[in-house]
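To be precise, the following lines are structure.pdb, and they hold PDB, C-alpha atoms and all ligand atoms.
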```
ATOM      1  CA  MET A 639       0.000   0.000   0.000  1.00  0.00           C
ATOM      2  CA  SER A 640       1.565   3.244  -1.069  1.00  0.00           C
ATOM      3  CA  VAL A 641       0.611   6.554   0.419  1.00  0.00           C
ATOM      4  CA  GLU A 642       0.434   9.578  -1.837  1.00  0.00           C
ATOM      5  CA  PRO A 643       1.380  12.590   0.168  1.00  0.00           C
ATOM      6  CA  GLY A 644      -0.088  15.853  -1.071  1.00  0.00           C
ATOM      7  CA  ARG A 645      -3.293  14.241  -2.219  1.00  0.00           C
ATOM      8  CA  THR A 646      -4.549  13.065   1.140  1.00  0.00           C
ATOM      9  CA  CYS A 647      -5.733  16.466   2.380  1.00  0.00           C
ATOM     10  CA  ALA A 648      -7.427  17.608  -0.841  1.00  0.00           C
ATOM     11  CA  PRO A 649     -10.908  16.141  -0.255  1.00  0.00           C
ATOM     12  CA  ASP A 650     -10.899  17.518   3.279  1.00  0.00           C
ATOM     13  CA  LYS A 651      -9.979  20.976   2.018  1.00  0.00           C
ATOM     14  CA  ALA A 652     -12.737  20.935  -0.592  1.00  0.00           C
ATOM     15  CA  LEU A 653     -15.222  19.852   2.061  1.00  0.00           C
ATOM     16  CA  LYS A 654     -14.110  22.635   4.366  1.00  0.00           C
ATOM     17  CA  GLN A 655     -14.514  25.169   1.550  1.00  0.00           C
ATOM     18  CA  GLN A 656     -17.990  23.840   0.845  1.00  0.00           C
ATOM     19  CA  ARG A 657     -18.969  24.101   4.505  1.00  0.00           C
ATOM     20  CA  TRP A 658     -17.510  27.602   4.657  1.00  0.00           C
ATOM     21  CA  ASP A 659     -19.393  28.725   1.532  1.00  0.00           C
ATOM     22  CA  ARG A 660     -22.598  27.398   3.053  1.00  0.00           C
ATOM     23  CA  LEU A 661     -21.866  29.213   6.308  1.00  0.00           C
ATOM     24  CA  ILE A 662     -21.288  32.497   4.479  1.00  0.00           C
ATOM     25  CA  ALA A 663     -24.405  31.967   2.367  1.00  0.00           C
ATOM     26  CA  SER A 664     -26.467  31.482   5.518  1.00  0.00           C
ATOM     27  CA  LYS A 665     -25.225  34.788   6.910  1.00  0.00           C
ATOM     28  CA  GLN A 666     -26.405  37.138   4.165  1.00  0.00           C
ATOM     29  CA  VAL A 667     -29.307  38.543   6.151  1.00  0.00           C
ATOM     30  CA  VAL A 668     -28.891  42.320   6.416  1.00  0.00           C
ATOM     31  CA  SER A 669     -29.616  44.024   9.715  1.00  0.00           C
ATOM     32  CA  THR A 670     -28.789  47.348  11.297  1.00  0.00           C
ATOM     33  CA  PHE A 671     -25.931  47.266  13.771  1.00  0.00           C
ATOM     34  CA  ALA A 672     -24.621  49.899  16.148  1.00  0.00           C
ATOM     35  CA  VAL A 673     -20.932  49.915  15.317  1.00  0.00           C
ATOM     36  CA  MET A 674     -18.191  51.399  17.479  1.00  0.00           C
ATOM     37  CA  LEU A 675     -15.499  52.557  15.048  1.00  0.00           C
ATOM     38  CA  GLU A 676     -11.797  52.475  15.867  1.00  0.00           C
ATOM     39  CA  ASN A 677     -11.852  56.264  16.393  1.00  0.00           C
ATOM     40  CA  GLY A 678     -14.540  55.901  19.067  1.00  0.00           C
ATOM     41  CA  GLU A 679     -17.396  57.072  16.848  1.00  0.00           C
ATOM     42  CA  LEU A 680     -20.680  55.202  17.218  1.00  0.00           C
ATOM     43  CA  VAL A 681     -22.451  54.723  13.878  1.00  0.00           C
ATOM     44  CA  SER A 682     -25.429  52.745  12.626  1.00  0.00           C
ATOM     45  CA  LEU A 683     -24.643  50.488   9.642  1.00  0.00           C
ATOM     46  CA  HIS A 684     -26.585  48.051   7.484  1.00  0.00           C
ATOM     47  CA  LEU A 685     -24.484  44.913   7.451  1.00  0.00           C
ATOM     48  CA  THR A 686     -24.901  41.278   6.625  1.00  0.00           C
ATOM     49  CA  GLN A 687     -24.510  38.850   9.501  1.00  0.00           C
ATOM     50  CA  ALA A 688     -21.247  37.715   7.869  1.00  0.00           C
ATOM     51  CA  GLN A 689     -19.872  41.263   7.871  1.00  0.00           C
ATOM     52  CA  ALA A 690     -20.988  41.831  11.454  1.00  0.00           C
ATOM     53  CA  GLU A 691     -19.142  38.703  12.556  1.00  0.00           C
ATOM     54  CA  GLY A 692     -15.969  39.773  10.776  1.00  0.00           C
ATOM     55  CA  LEU A 693     -16.163  37.101   8.054  1.00  0.00           C
ATOM     56  CA  GLU A 694     -16.427  39.552   5.158  1.00  0.00           C
ATOM     57  CA  CYS A 695     -14.896  42.929   4.292  1.00  0.00           C
ATOM     58  CA  LEU A 696     -17.179  45.780   5.334  1.00  0.00           C
ATOM     59  CA  THR A 697     -16.894  47.444   1.921  1.00  0.00           C
ATOM     60  CA  CYS A 698     -16.364  44.867  -0.822  1.00  0.00           C
ATOM     61  CA  LYS A 699     -17.604  41.760   1.053  1.00  0.00           C
ATOM     62  CA  ARG A 700     -14.594  39.679   0.059  1.00  0.00           C
ATOM     63  CA  GLN A 701     -13.410  37.130   2.569  1.00  0.00           C
ATOM     64  CA  CYS A 702     -10.107  37.450   4.337  1.00  0.00           C
ATOM     65  CA  GLU A 703      -7.168  36.656   2.066  1.00  0.00           C
ATOM     66  CA  THR A 704      -3.495  37.454   2.026  1.00  0.00           C
ATOM     67  CA  GLY A 705      -1.802  40.582   0.604  1.00  0.00           C
ATOM     68  CA  GLN A 706      -4.359  43.136  -0.596  1.00  0.00           C
ATOM     69  CA  GLY A 707      -7.134  40.973   0.796  1.00  0.00           C
ATOM     70  CA  ALA A 708      -5.743  40.882   4.336  1.00  0.00           C
ATOM     71  CA  PHE A 709      -8.111  42.202   6.967  1.00  0.00           C
ATOM     72  CA  ARG A 710      -7.584  45.163   9.266  1.00  0.00           C
ATOM     73  CA  PRO A 711     -10.011  45.798  12.145  1.00  0.00           C
ATOM     74  CA  VAL A 712     -12.035  48.994  11.664  1.00  0.00           C
ATOM     75  CA  GLY A 713     -14.330  48.739  14.642  1.00  0.00           C
ATOM     76  CA  HIS A 714     -16.489  46.418  16.682  1.00  0.00           C
ATOM     77  CA  ILE A 715     -20.085  45.673  17.387  1.00  0.00           C
ATOM     78  CA  PRO A 716     -20.832  45.243  21.090  1.00  0.00           C
ATOM     79  CA  SER A 717     -21.920  41.650  21.841  1.00  0.00           C
ATOM     80  CA  VAL A 718     -21.162  40.482  18.251  1.00  0.00           C
ATOM     81  CA  GLY A 719     -17.477  41.028  17.550  1.00  0.00           C
ATOM     82  CA  SER A 720     -14.931  42.925  15.509  1.00  0.00           C
ATOM     83  CA  ILE A 721     -15.579  44.134  11.962  1.00  0.00           C
ATOM     84  CA  PHE A 722     -12.956  44.391   9.261  1.00  0.00           C
ATOM     85  CA  GLU A 723     -11.968  45.978   5.989  1.00  0.00           C
ATOM     86  CA  CYS A 724      -9.451  44.511   3.599  1.00  0.00           C
ATOM     87  CA  VAL A 725      -6.185  46.320   2.849  1.00  0.00           C
ATOM     88  CA  ALA A 726      -7.346  47.147  -0.707  1.00  0.00           C
ATOM     89  CA  CYS A 727     -10.440  48.989   0.568  1.00  0.00           C
ATOM     90  CA  LEU A 728      -8.545  50.768   3.333  1.00  0.00           C
ATOM     91  CA  ASP A 729      -5.930  51.969   0.832  1.00  0.00           C
ATOM     92  CA  GLY A 730      -8.668  53.120  -1.548  1.00  0.00           C
ATOM     93  CA  ALA A 731     -10.325  55.143   1.197  1.00  0.00           C
ATOM     94  CA  ARG A 732      -7.222  57.208   1.809  1.00  0.00           C
TER      95      ARG A 732
HETATM   96 ZN    ZN A 801     -12.600  45.117   0.855  1.00  0.00          ZN
END
```
What do you get writing this file as structure tokens?
Amino acid sequence: MSVEPGRTCAPDKALKQQRWDRLIASKQVVSTFAVMLENGELVSLHLTQAQAEGLECLTCKRQCETGQGAFRPVGHIPSVGSIFECVACLDGAR
């Protein structure tokens, strides 16, 4: 019996991606959240559940990646968690 390293984790990864996609898809309900921004300002934003839980970029809704897609915290929602923007959006805002 020969083991093929490098192939063994592929099905698991695909399954994880599928579960993740389903999780994100189930969190697309938009609600209004009171958001405490990093500068201490309290604002009211319409966000999806995924954005509110820090799973998606606040602006472009991409999921956390590396490089330009890396997330930076921009504030938090009391009792929910931190919210993020990706580096690309933060750079574009400046
Ligand atoms: Zn973004």
What are the nearest atom pairs, with distances in Å to one decimal, for all residues of chain A that come at most 9 Å from ligand ZN 801 (chain A), using all atoms listed in the file, set out by chain and rising residue number as JSON lines?
```
{"residue": "A:Glu694", "atom": "CA", "partner": "A:ZN801", "partner_atom": "ZN", "distance": 8.0}
{"residue": "A:Cys695", "atom": "CA", "partner": "A:ZN801", "partner_atom": "ZN", "distance": 4.7}
{"residue": "A:Leu696", "atom": "CA", "partner": "A:ZN801", "partner_atom": "ZN", "distance": 6.4}
{"residue": "A:Thr697", "atom": "CA", "partner": "A:ZN801", "partner_atom": "ZN", "distance": 5.0}
{"residue": "A:Cys698", "atom": "CA", "partner": "A:ZN801", "partner_atom": "ZN", "distance": 4.1}
{"residue": "A:Lys699", "atom": "CA", "partner": "A:ZN801", "partner_atom": "ZN", "distance": 6.0}
{"residue": "A:Arg700", "atom": "CA", "partner": "A:ZN801", "partner_atom": "ZN", "distance": 5.8}
{"residue": "A:Gln701", "atom": "CA", "partner": "A:ZN801", "partner_atom": "ZN", "distance": 8.2}
{"residue": "A:Cys702", "atom": "CA", "partner": "A:ZN801", "partner_atom": "ZN", "distance": 8.8}
{"residue": "A:Gln706", "atom": "CA", "partner": "A:ZN801", "partner_atom": "ZN", "distance": 8.6}
{"residue": "A:Gly707", "atom": "CA", "partner": "A:ZN801", "partner_atom": "ZN", "distance": 6.9}
{"residue": "A:Ala708", "atom": "CA", "partner": "A:ZN801", "partner_atom": "ZN", "distance": 8.8}
{"residue": "A:Phe709", "atom": "CA", "partner": "A:ZN801", "partner_atom": "ZN", "distance": 8.1}
{"residue": "A:Phe722", "atom": "CA", "partner": "A:ZN801", "partner_atom": "ZN", "distance": 8.4}
{"residue": "A:Glu723", "atom": "CA", "partner": "A:ZN801", "partner_atom": "ZN", "distance": 5.2}
{"residue": "A:Cys724", "atom": "CA", "partner": "A:ZN801", "partner_atom": "ZN", "distance": 4.2}
{"residue": "A:Val725", "atom": "CA", "partner": "A:ZN801", "partner_atom": "ZN", "distance": 6.8}
{"residue": "A:Ala726", "atom": "CA", "partner": "A:ZN801", "partner_atom": "ZN", "distance": 5.8}
{"residue": "A:Cys727", "atom": "CA", "partner": "A:ZN801", "partner_atom": "ZN", "distance": 4.4}
{"residue": "A:Leu728", "atom": "CA", "partner": "A:ZN801", "partner_atom": "ZN", "distance": 7.4}
```
Which value, in Å to one decimal, gives the distance between CA of Gln687 (chain A) and CA of Glu703 (chain A)? 19.0 Å
So which one's closest to Ser669 (chain A), A:Thr704, A:Ala690, A:Lys651, A:Gln656? Using only C-alpha atoms, please.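 For Ser669 (chain A), the nearest of the candidates is A:Ala690.
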To one decimal place in Å, what is the distance between CA of Val681 (chain A) and CA of His714 (chain A)?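 Straight-line distance from CA of Val681 (chain A) to CA of His714 (chain A) works out to 10.6 Å.
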Name the residues in contact with Glu676 (chain A) at a cut-off of 9 Å, using only C-alpha atoms, excluding same-chain residues fewer than 4 positions from it; report them as number ranges by chain. A: 711-714
What would the file look like if the residues just selected were written as a PDB file, in the frame of the given file with C-alpha atoms?
```
ATOM      1  CA  PRO A 711     -10.011  45.798  12.145  1.00  0.00           C
ATOM      2  CA  VAL A 712     -12.035  48.994  11.664  1.00  0.00           C
ATOM      3  CA  GLY A 713     -14.330  48.739  14.642  1.00  0.00           C
ATOM      4  CA  HIS A 714     -16.489  46.418  16.682  1.00  0.00           C
TER       5      HIS A 714
END
```
Nearest residue to Glu679 (chain A) out of A:Gly705, A:Glu691, A:Ile715, A:Gln666, using all atoms listed in the file?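 For Glu679 (chain A), the nearest of the given residues is A:Ile715.
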So, counting all atoms listed in the file, which residue among A:Asp729, A:Arg660, A:Asp650, A:Ser720 is closest to Ala672 (chain A)? A:Ser720
Box centre and edge lengths (Å, one decimal), axis-aligned, region 648-663 of chain A plus 6 Å each side, as AutoDock Vina command-line options:
```
--center_x -15.9 --center_y 24.3 --center_z 2.7 --size_x 29.0 --size_y 28.4 --size_z 19.1
```
Mind pulling up the distance from CA of Val718 (chain A) to CA of Ser664 (chain A)?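 Rounded to one decimal, the two atoms are 16.5 Å apart.
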